[in-house]
>>> print(open('target_15.cif').read())   # mmCIF, C-alpha atoms
data_start
loop_
_atom_site.label_atom_id
_atom_site.label_comp_id
_atom_site.auth_asym_id
_atom_site.auth_seq_id
_atom_site.Cartn_x
_atom_site.Cartn_y
_atom_site.Cartn_z
CA MET X 218 13.71 25.42 -10.93
CA ARG X 219 10.43 24.25 -9.37
CA ASP X 220 9.27 22.72 -12.67
CA GLN X 221 12.63 20.95 -13.10
CA ASP X 222 12.48 19.62 -9.54
CA GLN X 223 9.00 18.18 -10.14
CA PHE X 224 10.13 16.61 -13.41
CA TRP X 225 13.08 14.82 -11.83
CA MET X 226 11.10 13.84 -8.74
CA LYS X 227 8.62 12.07 -10.99
CA GLN X 228 11.55 10.11 -12.44
CA ALA X 229 12.51 9.17 -8.89
CA LEU X 230 8.93 8.01 -8.26
CA ARG X 231 9.14 5.77 -11.32
CA GLU X 232 12.25 4.22 -9.82
CA ALA X 233 10.60 3.74 -6.43
CA VAL X 234 7.70 1.61 -7.72
CA LYS X 235 10.19 -0.92 -9.12
CA GLY X 236 10.52 -2.15 -5.54
CA TRP X 237 6.78 -2.90 -5.28
CA GLY X 238 6.27 -5.94 -3.09
CA THR X 239 9.92 -6.56 -2.18
CA THR X 240 10.84 -3.77 0.27
CA ASN X 241 8.50 -4.49 3.18
CA PRO X 242 8.72 -3.56 5.98
CA ASN X 243 10.88 -0.79 4.50
CA PRO X 244 9.33 1.95 2.36
CA LEU X 245 9.39 2.24 -1.41
CA VAL X 246 12.10 4.77 -2.29
CA GLY X 247 13.56 5.90 -5.60
CA ALA X 248 16.36 8.33 -6.43
CA VAL X 249 17.97 9.96 -9.47
CA VAL X 250 21.23 11.93 -9.71
CA VAL X 251 21.29 14.93 -12.07
CA ARG X 252 24.27 17.03 -13.12
CA ASP X 253 24.15 19.97 -15.54
CA GLY X 254 20.53 19.12 -16.34
CA LYS X 255 21.32 15.53 -17.33
CA LEU X 256 20.52 12.23 -15.64
CA ILE X 257 23.74 10.50 -14.61
CA GLY X 258 22.46 7.85 -12.18
CA LYS X 259 19.29 6.22 -10.87
CA GLY X 260 18.35 3.59 -8.35
CA TYR X 261 15.73 2.26 -5.97
CA HIS X 262 15.53 0.27 -2.76
CA ILE X 263 15.09 -3.38 -3.65
CA ARG X 264 14.80 -5.25 -0.34
CA PRO X 265 15.63 -4.90 3.37
CA GLY X 266 19.30 -5.20 4.22
CA GLU X 267 20.42 -4.09 0.77
CA GLY X 268 21.46 -0.65 -0.47
CA HIS X 269 19.02 2.21 -0.18
CA ALA X 270 17.86 4.16 -3.23
CA GLU X 271 20.40 6.98 -2.76
CA VAL X 272 23.35 4.61 -2.47
CA ASN X 273 22.21 2.63 -5.52
CA ALA X 274 21.68 5.80 -7.57
CA ILE X 275 25.15 7.12 -6.69
CA ALA X 276 26.71 3.74 -7.55
CA ASN X 277 24.82 3.76 -10.86
CA CYS X 278 26.67 6.95 -11.82
CA GLY X 279 29.77 4.83 -12.36
CA ARG X 280 32.70 7.02 -13.35
CA LYS X 281 30.53 10.07 -13.99
CA LYS X 282 31.37 12.90 -11.61
CA THR X 283 28.87 13.30 -8.81
CA ALA X 284 30.60 16.38 -7.39
CA GLY X 285 28.27 19.36 -7.74
CA ALA X 286 25.31 17.16 -8.69
CA THR X 287 21.73 17.17 -7.36
CA ILE X 288 20.09 14.03 -6.01
CA TYR X 289 16.31 13.67 -6.07
CA VAL X 290 14.87 11.14 -3.63
CA THR X 291 11.23 10.40 -2.83
CA LEU X 292 11.75 10.19 0.95
CA GLU X 293 14.00 12.11 3.32
CA PRO X 294 17.40 10.33 3.34
CA CYS X 295 18.11 8.13 6.33
CA CYS X 296 20.63 9.51 8.81
CA THR X 297 21.22 6.64 11.24
CA TYR X 298 23.04 3.33 11.18
CA GLY X 299 20.85 0.26 10.78
CA ARG X 300 21.48 -2.75 8.61
CA THR X 301 23.12 -0.28 6.22
CA PRO X 302 25.08 2.97 6.80
CA PRO X 303 23.19 6.30 6.68
CA CYS X 304 22.46 7.69 3.22
CA THR X 305 23.42 11.17 4.38
CA GLU X 306 26.96 9.89 4.73
CA ALA X 307 27.00 8.55 1.15
CA ILE X 308 25.59 11.83 -0.20
CA ILE X 309 28.23 13.90 1.57
CA LYS X 310 31.04 11.58 0.43
CA ALA X 311 29.85 11.78 -3.20
CA GLY X 312 30.25 15.54 -3.22
CA ILE X 313 26.60 16.16 -4.03
CA THR X 314 25.74 19.79 -3.38
CA ARG X 315 21.93 19.77 -3.55
CA VAL X 316 19.38 17.32 -2.17
CA VAL X 317 15.71 17.44 -3.16
CA PHE X 318 13.29 15.05 -1.48
CA GLY X 319 9.58 14.41 -1.69
CA CYS X 320 8.47 14.16 1.94
CA THR X 321 9.94 13.90 5.42
CA ASP X 322 10.52 10.64 7.26
CA PRO X 323 7.35 9.89 9.30
CA ASN X 324 9.38 8.45 12.18
CA PRO X 325 9.46 11.29 14.75
CA GLN X 326 12.94 10.16 15.84
CA HIS X 327 14.26 10.80 12.33
CA ALA X 328 12.06 13.50 10.80
CA GLY X 329 14.12 16.54 9.86
CA ARG X 330 17.44 15.19 11.16
CA ALA X 331 18.80 14.58 7.66
CA VAL X 332 18.08 18.20 6.75
CA ARG X 333 20.21 19.47 9.62
CA ILE X 334 23.06 17.06 8.89
CA LEU X 335 23.16 17.91 5.18
CA GLU X 336 22.92 21.67 5.71
CA GLN X 337 25.69 21.54 8.32
CA ASN X 338 27.86 20.05 5.59
CA GLY X 339 27.13 22.87 3.17
CA ILE X 340 24.54 20.99 1.10
CA GLU X 341 21.42 22.81 -0.12
CA VAL X 342 18.22 20.98 0.81
CA CYS X 343 14.85 21.49 -0.87
CA TYR X 344 11.58 19.83 0.20
CA PRO X 345 8.78 18.91 -0.14
CA VAL X 346 8.47 18.28 -3.89
CA CYS X 347 5.58 16.17 -5.26
CA GLU X 348 4.71 15.55 -1.61
CA LYS X 349 1.22 14.15 -2.23
CA GLU X 350 2.50 11.54 -4.68
CA CYS X 351 5.44 10.61 -2.46
CA ARG X 352 3.28 10.24 0.63
CA ARG X 353 0.63 8.26 -1.27
CA LEU X 354 3.32 5.84 -2.41
CA ASN X 355 4.18 4.90 1.17
CA GLU X 356 0.91 5.17 3.06
CA PRO X 357 1.32 1.61 4.41
CA PHE X 358 4.81 2.28 5.76
CA PHE X 359 3.81 5.65 7.22
CA LYS X 360 0.89 4.12 9.12
CA TRP X 361 2.87 1.15 10.40
CA ILE X 362 5.87 3.19 11.57
CA THR X 363 3.68 5.72 13.43
CA THR X 364 0.89 3.50 14.85
CA GLY X 365 2.35 -0.01 14.90
CA LYS X 366 -0.62 -1.27 12.88
CA PRO X 367 -0.76 -2.42 9.25
CA TYR X 368 -2.38 -0.34 6.54
CA VAL X 369 -5.69 -1.97 5.59
CA LEU X 370 -6.99 -1.97 2.01
CA LEU X 371 -10.46 -3.34 1.32
CA LYS X 372 -10.76 -4.61 -2.25
CA MET X 373 -14.07 -5.78 -3.69
CA ALA X 374 -15.16 -6.89 -7.17
CA GLU X 375 -18.79 -6.02 -7.82
CA THR X 376 -21.40 -5.47 -10.49
CA LEU X 377 -22.74 -2.02 -11.25
CA ASP X 378 -25.60 -2.63 -8.81
CA GLY X 379 -23.23 -3.54 -5.99
CA LYS X 380 -23.45 -7.33 -6.07
CA ILE X 381 -20.49 -9.64 -5.46
CA ALA X 382 -22.24 -13.00 -5.96
CA THR X 383 -25.56 -14.68 -6.65
CA GLU X 384 -27.71 -15.93 -3.79
CA ASN X 385 -25.97 -19.32 -3.89
CA GLY X 386 -22.52 -17.71 -3.87
CA CYS X 387 -21.53 -17.90 -7.56
CA SER X 388 -18.99 -15.10 -8.14
CA GLN X 389 -16.48 -16.15 -10.84
CA TRP X 390 -15.86 -14.05 -12.73
CA ILE X 391 -17.44 -10.66 -12.14
CA THR X 392 -14.56 -8.57 -13.47
CA GLY X 393 -12.29 -9.04 -16.47
CA ALA X 394 -8.68 -10.11 -16.90
CA LEU X 395 -7.12 -6.66 -16.39
CA ALA X 396 -8.91 -6.11 -13.09
CA ARG X 397 -7.85 -9.55 -11.91
CA LYS X 398 -4.28 -8.69 -12.88
CA ARG X 399 -4.59 -5.64 -10.65
CA VAL X 400 -5.56 -7.93 -7.76
CA GLN X 401 -2.29 -9.80 -8.24
CA GLN X 402 -0.44 -6.47 -7.95
CA LEU X 403 -2.27 -5.68 -4.71
CA ARG X 404 -1.41 -9.09 -3.27
CA LYS X 405 2.22 -8.61 -4.25
CA ARG X 406 2.38 -5.42 -2.16
CA ALA X 407 0.52 -6.98 0.78
CA ASP X 408 2.15 -8.85 3.65
CA ALA X 409 -1.16 -10.52 4.50
CA VAL X 410 -4.44 -11.26 2.71
CA MET X 411 -7.74 -11.72 4.56
CA GLY X 412 -11.04 -13.29 3.52
CA GLY X 413 -14.28 -14.38 5.13
CA ALA X 414 -15.31 -17.91 6.05
CA GLU X 415 -18.11 -18.07 3.47
CA THR X 416 -15.76 -16.96 0.70
CA PHE X 417 -13.29 -19.62 1.87
CA ARG X 418 -15.92 -22.37 1.82
CA LEU X 419 -17.40 -21.49 -1.56
CA ASP X 420 -14.45 -20.24 -3.62
CA HIS X 421 -11.49 -22.06 -2.03
CA PRO X 422 -9.26 -19.01 -2.66
CA ARG X 423 -5.50 -19.48 -2.72
CA PHE X 424 -4.73 -15.81 -1.96
CA THR X 425 -1.35 -16.19 -3.64
CA VAL X 426 0.55 -14.03 -6.11
CA ARG X 427 0.68 -15.79 -9.49
CA ASP X 428 2.16 -15.09 -12.90
CA ALA X 429 0.28 -15.19 -16.20
CA HIS X 430 0.75 -18.99 -16.33
CA GLY X 431 -0.67 -19.58 -12.86
CA ASN X 432 2.67 -20.25 -11.19
CA THR X 433 2.89 -19.10 -7.57
CA LEU X 434 5.38 -16.29 -7.08
CA LYS X 435 4.59 -15.31 -3.50
CA THR X 436 2.40 -16.53 -0.67
CA PRO X 437 1.50 -13.77 1.79
CA ARG X 438 0.17 -14.48 5.26
CA ARG X 439 -3.35 -15.86 4.66
CA ILE X 440 -6.09 -15.14 7.18
CA ILE X 441 -9.68 -16.34 7.28
CA VAL X 442 -12.15 -14.63 9.61
CA THR X 443 -14.82 -16.91 11.10
CA HIS X 444 -17.02 -17.05 14.16
CA HIS X 445 -15.94 -20.67 14.70
CA PRO X 446 -12.16 -21.02 14.09
CA GLU X 447 -12.12 -24.55 15.52
CA GLN X 448 -14.23 -25.79 12.60
CA PHE X 449 -11.39 -25.15 10.15
CA GLU X 450 -8.05 -26.82 9.79
CA GLN X 451 -5.95 -26.23 6.70
CA ASP X 452 -2.22 -25.73 6.47
CA GLY X 453 -1.09 -22.32 5.33
CA PHE X 454 -4.09 -20.41 6.69
CA ASP X 455 -4.76 -18.65 9.99
CA PHE X 456 -8.33 -18.81 11.27
CA VAL X 457 -9.37 -16.00 13.61
CA SER X 458 -12.50 -14.59 15.16
CA LEU X 459 -13.02 -10.81 15.03
CA ASP X 460 -16.44 -10.13 16.49
CA HIS X 461 -15.90 -6.67 17.98
CA SER X 462 -13.97 -3.47 17.28
CA GLU X 463 -11.65 -4.32 20.16
CA ASP X 464 -10.86 -7.66 18.50
CA TRP X 465 -9.88 -5.87 15.31
CA ASP X 466 -7.68 -3.41 17.16
CA ARG X 467 -5.86 -6.10 19.12
CA TYR X 468 -5.37 -8.28 16.06
CA LEU X 469 -4.04 -5.44 13.90
CA CYS X 470 -1.60 -4.51 16.67
CA SER X 471 -0.41 -8.11 16.84
CA LEU X 472 0.11 -8.19 13.06
CA GLY X 473 2.08 -4.97 13.31
CA THR X 474 4.49 -6.49 15.82
CA GLU X 475 5.19 -9.20 13.23
CA LYS X 476 6.14 -6.50 10.69
CA ILE X 477 2.94 -6.93 8.70
CA THR X 478 2.70 -3.46 7.16
CA THR X 479 -0.10 -4.02 4.63
CA LEU X 480 -3.26 -6.10 5.02
CA LEU X 481 -5.44 -6.71 1.95
CA ILE X 482 -9.05 -7.67 2.64
CA GLU X 483 -10.76 -9.46 -0.25
CA GLY X 484 -14.29 -9.93 1.11
CA GLY X 485 -16.99 -11.06 1.41
CA GLY X 486 -19.73 -8.67 2.35
CA GLU X 487 -20.02 -9.49 6.05
CA LEU X 488 -16.27 -9.19 6.54
CA ALA X 489 -16.22 -5.89 4.69
CA ALA X 490 -19.00 -4.53 6.91
CA SER X 491 -17.25 -5.74 10.07
CA ALA X 492 -13.94 -4.14 9.12
CA LEU X 493 -15.58 -0.81 8.21
CA ALA X 494 -17.69 -0.79 11.38
CA ALA X 495 -14.54 -1.35 13.43
CA GLY X 496 -12.82 1.61 11.76
CA ALA X 497 -10.11 -0.76 10.52
CA VAL X 498 -10.15 0.10 6.80
CA ASP X 499 -7.84 2.84 5.57
CA ARG X 500 -8.70 2.70 1.89
CA VAL X 501 -11.16 0.90 -0.40
CA GLU X 502 -10.63 -0.23 -3.96
CA PHE X 503 -13.79 -1.37 -5.70
CA HIS X 504 -13.54 -3.03 -9.11
CA ILE X 505 -16.86 -2.36 -10.82
CA ALA X 506 -17.91 -4.44 -13.81
CA PRO X 507 -20.37 -3.20 -16.47
CA LYS X 508 -22.92 -5.80 -15.41
CA ILE X 509 -26.23 -5.66 -13.57
CA LEU X 510 -26.96 -8.82 -11.60
CA GLY X 511 -30.17 -7.92 -9.79
CA GLY X 512 -31.93 -10.14 -7.30
CA ARG X 513 -33.04 -9.07 -3.83
CA ASP X 514 -31.11 -11.97 -2.33
CA SER X 515 -27.95 -11.59 -4.39
CA ARG X 516 -24.98 -10.85 -2.16
CA SER X 517 -23.92 -7.24 -1.61
CA SER X 518 -20.35 -6.01 -1.47
CA VAL X 519 -20.95 -4.58 2.02
CA ALA X 520 -23.52 -6.38 4.15
CA GLY X 521 -23.88 -6.11 7.94
CA THR X 522 -26.77 -4.59 9.87
CA ASN X 523 -29.31 -2.39 8.12
CA PRO X 524 -28.62 1.35 8.54
CA GLY X 525 -31.43 3.58 9.74
CA SER X 526 -30.48 6.56 7.56
CA LEU X 527 -27.93 7.83 5.08
CA SER X 528 -26.14 9.57 7.94
CA GLU X 529 -24.76 6.16 8.88
CA SER X 530 -22.86 5.79 5.62
CA TRP X 531 -19.08 5.90 5.44
CA HIS X 532 -17.78 8.89 3.55
CA LEU X 533 -14.88 8.62 1.12
CA GLU X 534 -12.24 11.15 0.07
CA ASP X 535 -9.10 11.36 -2.06
CA VAL X 536 -10.97 9.56 -4.83
CA GLU X 537 -9.09 8.02 -7.77
CA LEU X 538 -10.78 6.59 -10.86
CA ARG X 539 -9.22 4.56 -13.66
CA LYS X 540 -10.23 1.90 -16.13
CA ALA X 541 -9.08 -1.70 -16.43
CA GLY X 542 -10.46 -2.88 -19.74
CA THR X 543 -14.22 -2.39 -19.49
CA ASP X 544 -14.13 -2.40 -15.67
CA LEU X 545 -13.86 0.70 -13.51
CA ILE X 546 -11.46 0.84 -10.55
CA TYR X 547 -12.72 3.18 -7.82
CA SER X 548 -10.18 3.88 -5.08
CA ALA X 549 -10.69 6.20 -2.10
CA ARG X 550 -9.67 6.80 1.49
CA VAL X 551 -12.28 6.09 4.18
CA LYS X 552 -13.16 9.14 6.23
CA TYR X 553 -14.41 8.23 9.69
CA ASN X 554 -16.42 11.21 10.86
CA THR X 555 -17.44 11.69 14.46
CA GLU X 556 -20.48 13.46 13.08
CA LYS X 557 -22.15 12.00 10.02
CA ASP X 558 -23.39 14.35 7.30
CA LEU X 559 -26.70 13.80 5.55
#
>>> encode(input="target_15.cif", output="structure tokens")
Amino acid sequence: MRDQDQFWMKQALREAVKGWGTTNPNPLVGAVVVRDGKLIGKGYHIRPGEGHAEVNAIANCGRKKTAGATIYVTLEPCCTYGRTPPCTEAIIKAGITRVVFGCTDPNPQHAGRAVRILEQNGIEVCYPVCEKECRRLNEPFFKWITTGKPYVLLKMAETLDGKIATENGCSQWITGALARKRVQQLRKRADAVMGGAETFRLDHPRFTVRDAHGNTLKTPRRIIVTHHPEQFEQDGFDFVSLDHSEDWDRYLCSLGTEKITTLLIEGGGELAASALAAGAVDRVEFHIAPKILGGRDSRSSVAGTNPGSLSESWHLEDVELRKAGTDLIYSARVKYNTEKDL
């Protein structure tokens, strides 16, 4: 049974990612309905205010009998009225007799409530299944709903020797087409994209989501960090000064109140160093090209003040590696230790 549950939960995860970039501030959720070992319905949450994954999966069953079926859902079903009725109500009405979900709702006001409601109605509940994958899928939502701050991803494109540009700022293009396509996916998921003033001056980035033909599909909130915001004036961009850790904390809190759940930082080196030093970065994703630039004055992916020893480095965990053409994508969670290890 455990192997079957994992198999069907992975199908639910495949459904969930179909909502990439359209569900914010809601989580990505997928569901499949299985009866007698066969898939009879599937669905995912598309956008806020519309049906949740469970409701869509049950509707997708059509005339197929849902009585006695099992529903697999990546996140604990909702149990309260919001813009839509609770999913627990739809599950009970459908006659489903077993609910398997990936991980509990991170909201302490909701966590575990669905389990009690379903069990009180004679429904078997099994969890967690594929918990790591289900939690990883919704790290931005989990952070925002529990802390009120957006999840921060630092993305950098660099050469094998850690350079993001020449001394004069030439940086296009370090990585190949597949890695740049990945950047578009990251922007699609993000509510806001942030860059540094030097990057803005030299590269004139649009920070938009574009299709293969260059057409703009989405424009997230665009933020440029500078020591002198009054020197800039361009429609469609916010110019802010974040000189201290307290500035970062206040600004992230303010973004959270505006339902910004994911912030993507795209460099440059000084901004990356500032965000890491402030403890603002949750995860890094470095796109590493098979190139060696060299040059003592070429620009590094993370700049800032010079460390005195290796104990001042930021440690990374939960490392993921994959290829994008000839480039390597290195993704990891930042571990902020109170005591640095040598």
>>> residues_around(input="target_15.cif", residues="Asp514 in chain X", least_positions_apart="6", cutoff="10 Å", atoms="all atoms listed in the file", output="PyMOL selection string")
chain X and resi 380+382-385
>>> atom_distance(input="target_15.cif", atom1="CA of His532 in chain X", atom2="CA of Val551 in chain X")
6.2 Å
>>> residues_around(input="target_15.cif", residues="Gly473 in chain X", least_positions_apart="4", cutoff="8 Å", atoms="all atoms listed in the file", output="list in words")
Trp361, Gly365, Lys366, Pro367, Leu469, Ile477 and Thr478 of chain X
>>> write_last_selection(input="target_15.cif", atoms="C-alpha atoms", output="short mmCIF file (atom, residue, chain, number, x, y, z; two decimals), in the coordinates of the input")
data_model
loop_
_atom_site.label_atom_id
_atom_site.label_comp_id
_atom_site.auth_asym_id
_atom_site.auth_seq_id
_atom_site.Cartn_x
_atom_site.Cartn_y
_atom_site.Cartn_z
CA TRP X 361 2.87 1.15 10.40
CA GLY X 365 2.35 -0.01 14.90
CA LYS X 366 -0.62 -1.27 12.88
CA PRO X 367 -0.76 -2.42 9.25
CA LEU X 469 -4.04 -5.44 13.90
CA ILE X 477 2.94 -6.93 8.70
CA THR X 478 2.70 -3.46 7.16
#
>>> resolve_selection(input="target_15.cif", expression="the PyMOL selection byres ((chain X and resi 491-503) around 9)", output="NGL selection string")
:X and (368-375 or 459-466 or 469 or 482 or 486-490 or 504-505 or 519-521 or 531 or 533 or 545-553)
>>> resolve_selection(input="target_15.cif", expression="the PyMOL selection byres ((chain X and resi 351) around 12)", output="PyMOL selection string")
chain X and resi 223+226-234+244-248+289-293+318-323+344-350+352-356+358-359
>>> write_last_selection(input="target_15.cif", atoms="C-alpha atoms", output="tab-separated table (two decimals), in the coordinates of the input")
chain	number	residue	atom	x	y	z
X	223	GLN	CA	9.00	18.18	-10.14
X	226	MET	CA	11.10	13.84	-8.74
X	227	LYS	CA	8.62	12.07	-10.99
X	228	GLN	CA	11.55	10.11	-12.44
X	229	ALA	CA	12.51	9.17	-8.89
X	230	LEU	CA	8.93	8.01	-8.26
X	231	ARG	CA	9.14	5.77	-11.32
X	232	GLU	CA	12.25	4.22	-9.82
X	233	ALA	CA	10.60	3.74	-6.43
X	234	VAL	CA	7.70	1.61	-7.72
X	244	PRO	CA	9.33	1.95	2.36
X	245	LEU	CA	9.39	2.24	-1.41
X	246	VAL	CA	12.10	4.77	-2.29
X	247	GLY	CA	13.56	5.90	-5.60
X	248	ALA	CA	16.36	8.33	-6.43
X	289	TYR	CA	16.31	13.67	-6.07
X	290	VAL	CA	14.87	11.14	-3.63
X	291	THR	CA	11.23	10.40	-2.83
X	292	LEU	CA	11.75	10.19	0.95
X	293	GLU	CA	14.00	12.11	3.32
X	318	PHE	CA	13.29	15.05	-1.48
X	319	GLY	CA	9.58	14.41	-1.69
X	320	CYS	CA	8.47	14.16	1.94
X	321	THR	CA	9.94	13.90	5.42
X	322	ASP	CA	10.52	10.64	7.26
X	323	PRO	CA	7.35	9.89	9.30
X	344	TYR	CA	11.58	19.83	0.20
X	345	PRO	CA	8.78	18.91	-0.14
X	346	VAL	CA	8.47	18.28	-3.89
X	347	CYS	CA	5.58	16.17	-5.26
X	348	GLU	CA	4.71	15.55	-1.61
X	349	LYS	CA	1.22	14.15	-2.23
X	350	GLU	CA	2.50	11.54	-4.68
X	352	ARG	CA	3.28	10.24	0.63
X	353	ARG	CA	0.63	8.26	-1.27
X	354	LEU	CA	3.32	5.84	-2.41
X	355	ASN	CA	4.18	4.90	1.17
X	356	GLU	CA	0.91	5.17	3.06
X	358	PHE	CA	4.81	2.28	5.76
X	359	PHE	CA	3.81	5.65	7.22
>>> resolve_selection(input="target_15.cif", expression="the PyMOL selection byres ((chain X and resi 277-285) around 8)", output="ChimeraX atom specification")
/X:250,252,257-260,273-276,286-287,311-315
>>> atom_distance(input="target_15.cif", atom1="CA of Arg404 in chain X", atom2="CA of Leu480 in chain X")
9.0 Å
>>> atom_distance(input="target_15.cif", atom1="CA of Val316 in chain X", atom2="CA of Ile288 in chain X")
5.1 Å
>>> closest_residue(input="target_15.cif", among="X:Asn523, X:Thr301, X:Gln401, X:Thr376", to="Trp237 in chain X", atoms="all atoms listed in the file")
X:Gln401
>>> residues_around(input="target_15.cif", residues="range 303-306 of chain X", least_positions_apart="2", cutoff="7 Å", atoms="all atoms listed in the file", output="count of residues only")
13
>>> closest_residue(input="target_15.cif", among="X:Lys235, X:Lys540, X:Arg418, X:Arg423", to="Lys435 in chain X", atoms="only C-alpha atoms")
X:Arg423
>>> closest_residue(input="target_15.cif", among="X:His430, X:Lys255, X:Arg300, X:Arg439", to="Gln221 in chain X", atoms="only C-alpha atoms")
X:Lys255
>>> closest_residue(input="target_15.cif", among="X:Glu341, X:Asp378, X:Glu537, X:Glu336", to="Ser515 in chain X", atoms="all atoms listed in the file")
X:Asp378
>>> axis_aligned_box(input="target_15.cif", around="range 426-439 of chain X", padding_each_side="4 Å", output="lines of an AutoDock Vina configuration file")
center_x = 1.0
center_y = -17.0
center_z = -5.5
size_x = 16.7
size_y = 14.5
size_z = 29.6
>>> closest_residue(input="target_15.cif", among="X:Gln402, X:Asn432, X:Thr425, X:Thr392", to="Asp544 in chain X", atoms="only C-alpha atoms")
X:Thr392
>>> build_atoms(input="target_15.cif", residues="range 537-554 of chain X", atoms="N, CA and C atoms", output="short mmCIF file (atom, residue, chain, number, x, y, z; two decimals), in the frame of the given file")
data_model
loop_
_atom_site.label_atom_id
_atom_site.label_comp_id
_atom_site.auth_asym_id
_atom_site.auth_seq_id
_atom_site.Cartn_x
_atom_site.Cartn_y
_atom_site.Cartn_z
N GLU X 537 -9.81 8.26 -6.53
CA GLU X 537 -9.09 8.02 -7.77
C GLU X 537 -9.91 7.08 -8.64
N LEU X 538 -10.03 7.41 -9.92
CA LEU X 538 -10.78 6.59 -10.86
C LEU X 538 -9.89 6.23 -12.04
N ARG X 539 -9.93 4.97 -12.44
CA ARG X 539 -9.22 4.56 -13.66
C ARG X 539 -9.90 3.32 -14.22
N LYS X 540 -9.61 3.04 -15.48
CA LYS X 540 -10.23 1.90 -16.13
C LYS X 540 -9.26 0.72 -16.22
N ALA X 541 -9.82 -0.46 -16.20
CA ALA X 541 -9.08 -1.70 -16.43
C ALA X 541 -9.90 -2.49 -17.43
N GLY X 542 -9.61 -2.30 -18.71
CA GLY X 542 -10.46 -2.88 -19.74
C GLY X 542 -11.81 -2.20 -19.72
N THR X 543 -12.88 -2.97 -19.59
CA THR X 543 -14.22 -2.39 -19.49
C THR X 543 -14.64 -2.16 -18.04
N ASP X 544 -13.81 -2.59 -17.09
CA ASP X 544 -14.13 -2.40 -15.67
C ASP X 544 -13.63 -1.05 -15.18
N LEU X 545 -14.25 -0.56 -14.13
CA LEU X 545 -13.86 0.70 -13.51
C LEU X 545 -13.26 0.41 -12.14
N ILE X 546 -12.09 0.98 -11.87
CA ILE X 546 -11.46 0.84 -10.55
C ILE X 546 -11.67 2.13 -9.78
N TYR X 547 -12.38 2.04 -8.67
CA TYR X 547 -12.72 3.18 -7.82
C TYR X 547 -11.96 3.03 -6.52
N SER X 548 -11.01 3.94 -6.28
CA SER X 548 -10.18 3.88 -5.08
C SER X 548 -10.38 5.16 -4.26
N ALA X 549 -10.49 5.02 -2.95
CA ALA X 549 -10.69 6.20 -2.10
C ALA X 549 -10.32 5.89 -0.66
N ARG X 550 -9.97 6.93 0.07
CA ARG X 550 -9.67 6.80 1.49
C ARG X 550 -10.95 6.90 2.30
N VAL X 551 -11.09 6.06 3.33
CA VAL X 551 -12.28 6.09 4.18
C VAL X 551 -12.14 7.20 5.20
N LYS X 552 -13.16 8.02 5.28
CA LYS X 552 -13.16 9.14 6.23
C LYS X 552 -14.13 8.78 7.36
N TYR X 553 -13.58 8.58 8.54
CA TYR X 553 -14.41 8.23 9.69
C TYR X 553 -14.76 9.50 10.44
N ASN X 554 -15.97 9.98 10.23
CA ASN X 554 -16.42 11.21 10.86
C ASN X 554 -17.02 10.92 12.23
#
